[in-house]
Amino acid sequence: MKLEALPVESKDVSDACPDILETSQVIKKDAQIIAETTYFNAKNAPFWTNEDLSTIHPFQCPYVRDTLQLAPEETLSPETARHKNIERAKTEVVPRAYEERYLREPTGKDRPCVMGDHCHGLNLPHVRENAFILREFLLPSQEEEYKRSGKLPQERQLCLLCKRSEILRAFVNVRADNMGVKSHMILQDYRNIVNVPGEYHLKDCILSSPTIYQGLLDPVVKHTRHAYRLKVIDGVRYYDQWGMRKFDEHFLT
């Protein structure tokens with residue numbers, strides 16, 4: 001039997017695989033072309049000469065350019081009219097007595113903290129047994145809406161301890177960078193009353209520096225894990241803020 005090779009069909013694949021377009025055919029702005037050229041020249045240079053940090057990634061160029069071209073602001077001081085009239089109006093005043101009603105376990109129709117097993121109520125050093133997940137924290141406006149309509153917010157929210165912790169974490173990040181934030185950025189949606197009988201001491205709160213705005217317009221209680229201890233009222237577990245005495249309370253009491 002004589003073996004013969006199978007016929008091979010030759011196809012023109014030039015149409016199926018078009019030539020790669022050159023980057024020069026893409027329309028770019030002059031600033032981006034300069035950024036790309038400078039960036040890749042720095043990348044191709046010997047590493048011992050790459051001590052200049054003035055170059056930026058070409059993909060970051062449009063963002064950096066737009067940021068630099070923002071209209072200048074006179075000051076970032078918390079005492080500006082913008083902060084007083086606009087940003088501060090977004091924060092709700094929350095008294096100490098209101099907060100203490102939320103430092104308990106959920107009962108009835110209350111929902112637990114959205115953090116679940118990672119809730120800070122389960123990780124307090126002075127509570128070795130019977131630790132619990134706190135109920136979600138509602139701002140006064142949200143609580144009024146709940147009383148009126150019987151509907152809780154669509155999304156489950158943080159408890160008071162986790163909310164304090166998240167605000168403190170963001171604030172510490174700003175402080176660690178040794179920089180301020182823009183005037184329209186605000187880390188809080190509520191504020192506490194301080195140095196008033198029955199309320200908190202200012203020393204137990206966090207606040208922006210007097211010389212630079214760091215995201216907090218008004219005092220917010222600082223989350224301190226060792227400042228809470230367990231108490232039971234009518235069979236319901238609460239956390240007592242024994243480490244944060246009231247402004248008019250003597251330290252011996």
# chains A, B, ... in the order shown; residues from 1 in each chain; ligands from 1
>>> select_by_dssp(residues="region 64-230 of chain A", states="helix (DSSP H, G or I)", output="PyMOL selection string")
chain A and resi 64-68+81-90+96-100+116-118+120-122+140-149+160-176+202-204+225-227
>>> residues_around(residues="Leu139 (chain A)", least_positions_apart="6", cutoff="12 Å", atoms="only C-alpha atoms", output="VMD selection string")
chain A and resid 90 to 95 98 to 99 101 to 102 145 to 146 152 to 153 157 to 160 163 188 to 192
>>> closest_residue(among="A:Leu187, A:Ile206, A:Leu124, A:Met115", to="Leu230 (chain A)", atoms="only C-alpha atoms")
A:Leu124
>>> atom_distance(atom1="CA of Gln214 (chain A)", atom2="CA of Phe171 (chain A)")
7.0 Å
>>> atom_distance(atom1="CA of Leu207 (chain A)", atom2="CA of Leu138 (chain A)")
21.9 Å
>>> residues_around(residues="Trp242 (chain A)", least_positions_apart="3", cutoff="7 Å", atoms="only C-alpha atoms", output="list in words")
Ala227, Tyr228, Arg229 and Arg245 of chain A
>>> write_last_selection(atoms="C-alpha atoms", output="PDB file, in the first residue's frame")
ATOM      1  CA  ALA A 227     -13.340  51.806  79.188  1.00  0.00           C
ATOM      2  CA  TYR A 228     -16.340  49.436  79.237  1.00  0.00           C
ATOM      3  CA  ARG A 229     -17.591  46.816  81.666  1.00  0.00           C
ATOM      4  CA  ARG A 245     -16.887  59.642  83.728  1.00  0.00           C
TER       5      ARG A 245
END
>>> select_by_dssp(residues="region 58-249 of chain A", states="strand (DSSP E or B)", output="PyMOL selection string")
chain A and resi 92-94+104+112+135+190-192+194+200+205-206+220-221+229-233+236-240
>>> write_last_selection(atoms="C-alpha atoms", output="PDB file, in the first residue's frame")
ATOM      1  CA  GLU A  92     -26.460  65.130  64.254  1.00  0.00           C
ATOM      2  CA  VAL A  93     -26.068  65.940  67.942  1.00  0.00           C
ATOM      3  CA  VAL A  94     -26.099  62.784  70.078  1.00  0.00           C
ATOM      4  CA  ARG A 104     -26.908  46.858  75.019  1.00  0.00           C
ATOM      5  CA  PRO A 112     -27.515  43.145  65.758  1.00  0.00           C
ATOM      6  CA  ARG A 135     -27.609  46.367  68.649  1.00  0.00           C
ATOM      7  CA  TYR A 190     -22.834  62.687  64.421  1.00  0.00           C
ATOM      8  CA  ARG A 191     -21.184  64.676  67.222  1.00  0.00           C
ATOM      9  CA  ASN A 192     -21.092  64.440  70.989  1.00  0.00           C
ATOM     10  CA  VAL A 194     -18.661  67.785  75.843  1.00  0.00           C
ATOM     11  CA  TYR A 200     -18.512  63.620  78.203  1.00  0.00           C
ATOM     12  CA  CYS A 205     -12.960  62.559  72.567  1.00  0.00           C
ATOM     13  CA  ILE A 206     -11.070  63.092  69.318  1.00  0.00           C
ATOM     14  CA  VAL A 220     -16.572  62.334  68.868  1.00  0.00           C
ATOM     15  CA  VAL A 221     -15.974  59.903  71.736  1.00  0.00           C
ATOM     16  CA  ARG A 229     -17.591  46.816  81.666  1.00  0.00           C
ATOM     17  CA  LEU A 230     -20.609  44.526  81.721  1.00  0.00           C
ATOM     18  CA  LYS A 231     -23.781  45.192  83.690  1.00  0.00           C
ATOM     19  CA  VAL A 232     -27.212  43.578  83.609  1.00  0.00           C
ATOM     20  CA  ILE A 233     -30.434  45.593  83.927  1.00  0.00           C
ATOM     21  CA  VAL A 236     -30.637  42.663  79.549  1.00  0.00           C
ATOM     22  CA  ARG A 237     -26.868  42.974  79.131  1.00  0.00           C
ATOM     23  CA  TYR A 238     -25.425  46.477  78.830  1.00  0.00           C
ATOM     24  CA  TYR A 239     -21.949  47.962  78.578  1.00  0.00           C
ATOM     25  CA  ASP A 240     -21.265  50.657  81.163  1.00  0.00           C
TER      26      ASP A 240
END
